[in-house]
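This is entry_29.tsv (TSV, C-alpha atoms and all ligand atoms).
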```
chain	number	residue	atom	x	y	z
A	1	MET	CA	-23.71	1.06	1.19
A	2	GLY	CA	-21.72	0.33	4.35
A	3	VAL	CA	-20.68	2.21	7.45
A	4	HIS	CA	-17.55	3.82	6.01
A	5	ILE	CA	-17.91	3.29	2.26
A	6	GLY	CA	-20.90	4.99	0.67
A	7	ALA	CA	-20.71	3.12	-2.65
A	8	ASP	CA	-23.45	0.69	-3.60
A	9	ARG	CA	-22.48	-2.90	-4.38
A	10	GLY	CA	-21.37	-3.02	-8.01
A	11	GLU	CA	-19.81	0.46	-7.88
A	12	ILE	CA	-16.45	-0.88	-6.66
A	13	ALA	CA	-14.23	-3.01	-8.90
A	14	GLU	CA	-12.77	-6.38	-7.90
A	15	THR	CA	-9.32	-4.78	-8.18
A	16	VAL	CA	-8.55	-1.90	-5.81
A	17	LEU	CA	-5.46	0.27	-5.42
A	18	LEU	CA	-5.06	1.59	-1.87
A	19	PRO	CA	-3.09	4.76	-1.09
A	20	GLY	CA	-3.08	6.01	2.49
A	21	ASP	CA	-3.82	9.54	1.29
A	22	PRO	CA	-7.32	10.11	-0.15
A	23	PHE	CA	-5.99	12.97	-2.30
A	24	ARG	CA	-3.51	10.52	-3.84
A	25	ALA	CA	-6.52	8.34	-4.68
A	26	ARG	CA	-8.11	11.27	-6.53
A	27	TRP	CA	-4.86	12.21	-8.30
A	28	ALA	CA	-4.13	8.60	-9.36
A	29	ALA	CA	-7.69	8.04	-10.59
A	30	GLU	CA	-7.74	11.28	-12.58
A	31	THR	CA	-4.26	10.61	-13.99
A	32	PHE	CA	-4.44	6.92	-14.85
A	33	LEU	CA	-8.07	5.82	-15.14
A	34	ASP	CA	-10.54	6.40	-17.95
A	35	THR	CA	-13.90	7.84	-16.87
A	36	PRO	CA	-13.07	7.98	-13.12
A	37	ARG	CA	-16.14	8.49	-10.96
A	38	CYS	CA	-16.18	9.29	-7.24
A	39	VAL	CA	-17.85	6.38	-5.41
A	40	ASN	CA	-17.05	7.31	-1.84
A	41	GLU	CA	-16.50	10.46	0.16
A	42	VAL	CA	-17.69	9.38	3.61
A	43	ARG	CA	-15.41	11.10	6.15
A	44	GLY	CA	-13.43	12.52	3.22
A	45	MET	CA	-11.99	9.08	2.41
A	46	LEU	CA	-12.19	9.37	-1.35
A	47	GLY	CA	-12.71	6.39	-3.64
A	48	TYR	CA	-12.91	6.43	-7.45
A	49	THR	CA	-13.88	3.76	-9.96
A	50	GLY	CA	-12.89	3.86	-13.62
A	51	THR	CA	-11.13	1.65	-16.12
A	52	TRP	CA	-7.50	1.06	-17.03
A	53	GLN	CA	-6.94	-0.49	-20.46
A	54	GLY	CA	-10.60	-1.50	-20.39
A	55	GLN	CA	-10.36	-3.21	-16.98
A	56	PRO	CA	-12.46	-1.92	-14.05
A	57	VAL	CA	-10.34	-0.51	-11.22
A	58	THR	CA	-11.15	1.32	-7.98
A	59	ILE	CA	-8.61	3.56	-6.24
A	60	HIS	CA	-9.60	4.13	-2.60
A	61	GLY	CA	-7.85	5.79	0.35
A	62	THR	CA	-7.19	3.85	3.54
A	63	GLY	CA	-6.08	6.59	5.91
A	64	MET	CA	-2.91	6.20	7.95
A	65	GLY	CA	-2.16	3.19	10.12
A	66	MET	CA	-3.44	-0.36	10.37
A	67	PRO	CA	-6.66	0.31	12.35
A	68	SER	CA	-7.84	2.69	9.62
A	69	LEU	CA	-6.77	0.41	6.76
A	70	SER	CA	-8.50	-2.52	8.47
A	71	ILE	CA	-11.87	-0.75	8.37
A	72	TYR	CA	-11.69	-0.05	4.64
A	73	VAL	CA	-10.21	-3.39	3.62
A	74	ASN	CA	-12.80	-5.33	5.65
A	75	GLU	CA	-15.66	-3.42	4.02
A	76	LEU	CA	-14.12	-3.66	0.54
A	77	ILE	CA	-13.79	-7.43	0.82
A	78	ARG	CA	-16.98	-8.26	2.74
A	79	ASP	CA	-19.44	-5.73	1.28
A	80	HIS	CA	-18.03	-5.13	-2.19
A	81	GLY	CA	-16.44	-8.45	-3.23
A	82	VAL	CA	-12.95	-7.04	-3.75
A	83	ARG	CA	-10.39	-9.78	-4.57
A	84	THR	CA	-7.15	-7.97	-5.48
A	85	LEU	CA	-5.77	-5.25	-3.19
A	86	ILE	CA	-2.61	-3.33	-3.99
A	87	ARG	CA	-1.36	-0.68	-1.60
A	88	ILE	CA	0.38	2.28	-3.24
A	89	GLY	CA	2.14	3.99	-0.36
A	90	SER	CA	5.11	6.06	0.72
A	91	ALA	CA	7.82	4.66	3.00
A	92	GLY	CA	11.02	5.61	4.80
A	93	ALA	CA	14.22	3.82	3.73
A	94	MET	CA	16.04	1.70	6.35
A	95	GLN	CA	19.03	0.59	4.24
A	96	THR	CA	21.85	2.71	2.78
A	97	GLY	CA	21.36	1.10	-0.64
A	98	VAL	CA	17.70	2.12	-0.79
A	99	ASN	CA	17.30	5.66	-2.09
A	100	LEU	CA	14.68	8.37	-2.43
A	101	ARG	CA	12.25	7.65	-5.32
A	102	ASP	CA	13.14	3.92	-5.37
A	103	ILE	CA	10.30	1.44	-5.39
A	104	VAL	CA	10.07	-1.21	-2.69
A	105	LEU	CA	7.93	-4.29	-3.28
A	106	ALA	CA	7.03	-5.62	0.16
A	107	MET	CA	7.60	-9.39	0.15
A	108	SER	CA	6.80	-9.54	3.88
A	109	ALA	CA	5.89	-7.14	6.68
A	110	SER	CA	7.18	-7.29	10.26
A	111	THR	CA	5.15	-5.76	13.06
A	112	ILE	CA	4.93	-5.41	16.80
A	113	SER	CA	1.15	-5.43	16.73
A	114	THR	CA	-1.75	-5.23	14.29
A	115	PRO	CA	-5.54	-5.05	14.68
A	116	SER	CA	-5.46	-8.83	14.08
A	117	ARG	CA	-3.52	-9.40	17.30
A	118	ALA	CA	-6.76	-10.31	19.09
A	119	ILE	CA	-7.25	-13.18	16.63
A	120	LEU	CA	-3.65	-14.29	16.25
A	121	ARG	CA	-2.85	-13.88	19.99
A	122	ASP	CA	0.58	-15.39	20.70
A	123	LEU	CA	1.18	-16.54	17.12
A	124	ASN	CA	3.97	-14.64	15.32
A	125	TYR	CA	2.20	-14.90	11.98
A	126	ALA	CA	4.33	-13.93	8.95
A	127	PRO	CA	2.34	-11.64	6.62
A	128	VAL	CA	3.46	-12.14	2.99
A	129	ALA	CA	2.62	-10.72	-0.43
A	130	ASP	CA	0.80	-12.67	-3.10
A	131	PHE	CA	3.59	-14.30	-5.13
A	132	GLY	CA	1.90	-13.78	-8.52
A	133	LEU	CA	1.37	-10.06	-7.88
A	134	LEU	CA	4.90	-9.74	-6.52
A	135	THR	CA	6.57	-11.30	-9.56
A	136	ALA	CA	4.30	-9.37	-11.94
A	137	ALA	CA	5.10	-6.11	-10.17
A	138	HIS	CA	8.82	-6.85	-10.30
A	139	ALA	CA	8.62	-7.44	-14.06
A	140	ALA	CA	6.52	-4.29	-14.51
A	141	ALA	CA	8.96	-2.18	-12.50
A	142	ARG	CA	11.90	-3.44	-14.57
A	143	ALA	CA	9.97	-2.79	-17.77
A	144	ILE	CA	9.53	0.90	-16.92
A	145	GLY	CA	13.09	1.25	-15.63
A	146	ALA	CA	12.19	1.92	-11.99
A	147	GLN	CA	14.92	1.34	-9.40
A	148	THR	CA	13.32	-1.50	-7.44
A	149	HIS	CA	14.00	-3.51	-4.28
A	150	VAL	CA	12.14	-6.61	-3.12
A	151	GLY	CA	12.16	-7.65	0.53
A	152	GLY	CA	10.78	-7.13	4.00
A	153	VAL	CA	9.28	-3.92	5.34
A	154	TYR	CA	8.27	-2.89	8.84
A	155	SER	CA	4.66	-1.83	9.45
A	156	SER	CA	4.75	0.53	12.40
A	157	ASP	CA	1.94	1.82	14.62
A	158	THR	CA	3.81	5.05	15.20
A	159	PHE	CA	5.16	7.59	12.73
A	160	TYR	CA	7.03	9.41	15.49
A	161	ASP	CA	8.81	6.39	16.91
A	162	GLU	CA	11.05	6.84	19.94
A	163	ARG	CA	12.90	3.52	19.78
A	164	PRO	CA	16.12	4.10	17.82
A	165	GLU	CA	17.33	0.67	18.96
A	166	LEU	CA	14.34	-0.95	17.24
A	167	ASP	CA	15.11	0.85	13.97
A	168	ALA	CA	18.73	-0.29	14.30
A	169	GLU	CA	17.69	-3.94	14.72
A	170	LEU	CA	15.31	-3.73	11.78
A	171	THR	CA	18.10	-2.30	9.64
A	172	ARG	CA	20.54	-4.95	10.89
A	173	HIS	CA	18.03	-7.63	9.93
A	174	GLY	CA	17.70	-6.35	6.39
A	175	THR	CA	14.37	-4.53	6.57
A	176	LEU	CA	14.15	-2.29	3.52
A	177	ALA	CA	11.71	0.38	4.69
A	178	VAL	CA	9.15	1.47	7.26
A	179	GLU	CA	5.51	2.32	6.62
A	180	MET	CA	2.27	1.80	8.54
A	181	GLU	CA	-0.24	-0.51	6.79
A	182	THR	CA	1.16	-3.49	4.89
A	183	ALA	CA	1.15	-6.16	7.62
A	184	GLU	CA	-2.58	-5.83	8.30
A	185	LEU	CA	-3.35	-5.68	4.57
A	186	TYR	CA	-1.54	-9.00	4.02
A	187	ILE	CA	-3.17	-10.63	7.06
A	188	LEU	CA	-6.69	-9.61	5.97
A	189	ALA	CA	-6.05	-10.75	2.39
A	190	ALA	CA	-4.85	-14.13	3.64
A	191	ARG	CA	-7.86	-14.50	5.95
A	192	HIS	CA	-10.31	-13.84	3.13
A	193	GLY	CA	-8.48	-15.66	0.31
A	194	CYS	CA	-7.63	-12.47	-1.59
A	195	ARG	CA	-4.48	-11.30	-3.38
A	196	ALA	CA	-2.50	-8.42	-1.87
A	197	LEU	CA	0.73	-6.53	-2.50
A	198	SER	CA	2.29	-3.30	-1.29
A	199	VAL	CA	4.12	-1.19	-3.85
A	200	LEU	CA	5.94	1.58	-1.99
A	201	THR	CA	7.86	4.67	-3.01
A	202	ILE	CA	10.70	5.87	-0.80
A	203	SER	CA	9.78	9.39	0.33
A	204	ASP	CA	12.38	9.87	3.09
A	205	HIS	CA	15.41	8.22	4.62
A	206	LEU	CA	15.89	7.09	8.22
A	207	LEU	CA	19.68	6.77	7.91
A	208	ARG	CA	20.29	10.03	6.05
A	209	ASP	CA	18.68	13.44	6.46
A	210	GLU	CA	16.82	13.23	3.14
A	211	ALA	CA	13.23	13.64	2.06
A	212	LEU	CA	11.50	13.97	-1.27
A	213	PRO	CA	10.58	17.59	-2.06
A	214	ALA	CA	6.81	17.97	-2.27
A	215	GLU	CA	6.87	18.97	-5.95
A	216	GLU	CA	8.77	15.79	-6.88
A	217	ARG	CA	6.48	13.40	-5.04
A	218	GLU	CA	3.83	13.18	-7.73
A	219	LYS	CA	6.25	12.26	-10.50
A	220	SER	CA	7.83	9.56	-8.35
A	221	PHE	CA	4.47	8.20	-7.27
A	222	ALA	CA	3.44	7.86	-10.92
A	223	GLN	CA	5.85	4.93	-11.40
A	224	MET	CA	4.35	3.14	-8.40
A	225	VAL	CA	0.82	3.47	-9.79
A	226	GLN	CA	1.94	2.17	-13.18
A	227	VAL	CA	3.62	-0.83	-11.55
A	228	ALA	CA	0.51	-1.59	-9.48
A	229	LEU	CA	-1.85	-1.40	-12.47
A	230	ARG	CA	0.35	-3.53	-14.71
A	231	ALA	CA	0.80	-6.13	-11.95
A	232	ALA	CA	-2.93	-6.31	-11.23
A	233	PHE	CA	-3.73	-7.31	-14.78
A	234	THR	CA	-0.82	-9.64	-15.56
A	235	ASP	CA	-2.17	-13.16	-16.01
M	301	LIG	O1	1.79	7.53	1.92
M	301	LIG	P1	0.90	6.59	2.67
M	301	LIG	O2	0.25	5.59	1.80
M	301	LIG	O3	-0.10	7.29	3.58
M	301	LIG	O4	1.88	5.73	3.65
M	301	LIG	C1	2.77	6.25	4.61
M	301	LIG	O5	2.56	7.61	4.92
M	301	LIG	C2	1.83	7.75	6.16
M	301	LIG	C3	2.68	8.47	7.18
M	301	LIG	O6	3.02	9.71	6.74
M	301	LIG	C4	1.49	6.33	6.61
M	301	LIG	O7	0.21	6.00	6.14
M	301	LIG	C5	2.58	5.54	5.94
M	301	LIG	O8	2.34	4.17	5.77
M	302	LIG	O1	5.46	5.50	7.81
M	302	LIG	C1	6.31	6.15	7.21
M	302	LIG	C2	6.12	6.60	5.89
M	302	LIG	C3	7.10	7.33	5.26
M	302	LIG	N1	8.25	7.57	5.93
M	302	LIG	C4	8.43	7.14	7.19
M	302	LIG	O2	9.48	7.39	7.78
M	302	LIG	N2	7.48	6.43	7.80
```
Can you turn what I pasted into structure tokens?
Amino acid sequence: MGVHIGADRGEIAETVLLPGDPFRARWAAETFLDTPRCVNEVRGMLGYTGTWQGQPVTIHGTGMGMPSLSIYVNELIRDHGVRTLIRIGSAGAMQTGVNLRDIVLAMSASTISTPSRAILRDLNYAPVADFGLLTAAHAAARAIGAQTHVGGVYSSDTFYDERPELDAELTRHGTLAVEMETAELYILAARHGCRALSVLTISDHLLRDEALPAEEREKSFAQMVQVALRAAFTD
């Protein structure tokens, strides 16, 4: 039992899916896992452990932003022996060819700053996905017919950003989407020798006035969870 995760060692699987939203963790666990059991509710950050096709899986919220994700991922790796971490998040599209409901597999994540800045200092470290998870997720997404893009995302510290010129440069440099956690997830996974990937669903568009209606979100997010689970257990 740690500071922010109330589970005992052994109650969390080696493979963890990480939505920002703790209610998405509960929904995904109840929808996709057999015998899901709540293993954490400290501060309302829900975590569930169950099985998928006989394989143990935990689905645990991270909260929004890299400082929050960093707390949970550090404790999952250090205190619970987690080895495979797959974020299942929402993101805003930054390219005209990326549409609502599409899946984005984050090959890399640009940032201005992360909680690891104090360690990396002046190094512009390039956070990247685990190649095996990335290729497995791509195959899984194709297999279920999901519209999928693979490329770079931007992990922002601010949801309400006031730098339109930054968004424009990110778009000009091919960034597919913006979200708020992937860069730190990839850095922590690299530091601890773990596998990580972000599977994202486009929930809104930065170049067009579009957003996914609330009632459609769940159905779209289902594809992302399926992709993450299939990728986690592809040899
Ligand atoms: O849907 P989640 O996983 O929370 O991800 C995105 O949504 C939140 C902002 O609304 C940020 O956490 C961002 O990364
Ligand atoms: O961080 C996020 C997530 C979804 N949509 C956005 O525009 N930003």
Report task. Residues up to 9 Å from ligand LIG 302 (chain M), counting all atoms listed in the file: could you list those as a PyMOL selection string? Result -> chain A and resi 64-65+89-94+154-160+177-181+201-206+211
Based on the selection just made, write C-alpha atoms of those residues as an mmCIF file, keeping the file's coordinate frame.
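Writing the result to again_14.cif gives the following:
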```
data_model
loop_
_atom_site.group_PDB
_atom_site.id
_atom_site.type_symbol
_atom_site.label_atom_id
_atom_site.label_comp_id
_atom_site.auth_asym_id
_atom_site.auth_seq_id
_atom_site.Cartn_x
_atom_site.Cartn_y
_atom_site.Cartn_z
ATOM 1 C CA MET A 64 -2.910 6.200 7.950
ATOM 2 C CA GLY A 65 -2.160 3.190 10.120
ATOM 3 C CA GLY A 89 2.140 3.990 -0.360
ATOM 4 C CA SER A 90 5.110 6.060 0.720
ATOM 5 C CA ALA A 91 7.820 4.660 3.000
ATOM 6 C CA GLY A 92 11.020 5.610 4.800
ATOM 7 C CA ALA A 93 14.220 3.820 3.730
ATOM 8 C CA MET A 94 16.040 1.700 6.350
ATOM 9 C CA TYR A 154 8.270 -2.890 8.840
ATOM 10 C CA SER A 155 4.660 -1.830 9.450
ATOM 11 C CA SER A 156 4.750 0.530 12.400
ATOM 12 C CA ASP A 157 1.940 1.820 14.620
ATOM 13 C CA THR A 158 3.810 5.050 15.200
ATOM 14 C CA PHE A 159 5.160 7.590 12.730
ATOM 15 C CA TYR A 160 7.030 9.410 15.490
ATOM 16 C CA ALA A 177 11.710 0.380 4.690
ATOM 17 C CA VAL A 178 9.150 1.470 7.260
ATOM 18 C CA GLU A 179 5.510 2.320 6.620
ATOM 19 C CA MET A 180 2.270 1.800 8.540
ATOM 20 C CA GLU A 181 -0.240 -0.510 6.790
ATOM 21 C CA THR A 201 7.860 4.670 -3.010
ATOM 22 C CA ILE A 202 10.700 5.870 -0.800
ATOM 23 C CA SER A 203 9.780 9.390 0.330
ATOM 24 C CA ASP A 204 12.380 9.870 3.090
ATOM 25 C CA HIS A 205 15.410 8.220 4.620
ATOM 26 C CA LEU A 206 15.890 7.090 8.220
ATOM 27 C CA ALA A 211 13.230 13.640 2.060
#
```
Query raised in the report: Taking (6.2, -14.2, 12.5) in the file's coordinates, which residues come within 12 Å, counting all atoms listed in the file, written as a list in words?
Result: Ser108, Ala109, Ser110, Thr111, Ile112, Ser113, Arg117, Leu120, Arg121, Asp122, Leu123, Asn124, Tyr125, Ala126, Pro127, Val128, Gly152, Ala183 and Ile187 of chain A
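The closest residue to ligand LIG 301 (chain M), picked from A:Val199, A:Ala232, A:Val3, A:Leu33 and counting only C-alpha atoms and all ligand atoms, is A:Val199.
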Query - Ala141 (chain A) environment, 10 Å, all atoms listed in the file, sequence neighbours closer than 6 positions dropped, as a VMD selection string - result: chain A and resid 103 to 105 135 147 to 149 199 223 to 224 226 to 228 230 to 231
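Between ligand LIG 301 (chain M) and the candidates A:Glu41, A:Asp21, A:Glu218, A:Glu165, the tightest atom-to-atom separation, counting all atoms listed in the file, involves A:Asp21.
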Query raised in the report: With all atoms listed in the file as the atoms that count, which of A:Ala29, A:Val150, A:Leu212, A:Leu200 lies nearest to ligand LIG 301 (chain M)?
Result: A:Leu200
Query raised in the report: So which one's closest to Asp79 (chain A), A:Ala189, A:Ile5, A:Ala146, A:Leu229? Using only C-alpha atoms, please.
Result: A:Ile5
Query raised in the report: Which distance in Å separates CA of Val39 (chain A) and CA of Thr234 (chain A), to one decimal?
Result: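 According to the coordinates, CA of Val39 (chain A) and CA of Thr234 (chain A) are separated by 25.5 Å.
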Query raised in the report: Mind pulling up the distance from CA of Phe23 (chain A) to CA of Thr84 (chain A)?
Result: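 It comes out at 21.2 Å.
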Report task. Would you be able to write out as a ChimeraX atom specification which residues have an atom within 12 Å of (-17.5, -9.7, 3.0) in the file's coordinates, counting only C-alpha atoms? Result -> /A:2,9,71-83,188-189,191-194
Query raised in the report: Smallest atom-to-atom distance to Thr31 (chain A): which of A:Trp52, A:Glu14, A:Ser70, A:Ala190, using all atoms listed in the file?
Result: A:Trp52
Return as JSON the box centre and box size in Å, one decimal, for an axis-aligned box around all listed atoms of ligand LIG 301 (chain M) padded by 3 Å per side.
```
{"center_x": 1.5, "center_y": 6.9, "center_z": 4.5, "size_x": 9.1, "size_y": 11.5, "size_z": 11.4}
```
Requested in this report: Report the distance between CA of Pro67 (chain A) and CA of Ser116 (chain A) in Å, rounded to one decimal place.
Outcome: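 Answer for the CA of Pro67 (chain A) to CA of Ser116 (chain A) separation: 9.4 Å.
The residue that comes closest to Gly50 (chain A), out of A:Val98, A:Ile12, A:Met66, A:Ile86 and on the basis of all atoms listed in the file, is A:Ile12.
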Query raised in the report: Skipping near chain neighbours, those fewer than 2 positions away, what residues fall within 12 Å of Arg24 (chain A) using all atoms listed in the file, listed as JSON, numbers by chain?
Result: {"A": [17, 18, 19, 20, 21, 22, 26, 27, 28, 29, 30, 31, 32, 45, 46, 47, 48, 59, 60, 61, 62, 63, 87, 88, 89, 90, 217, 218, 219, 221, 222, 224, 225]}
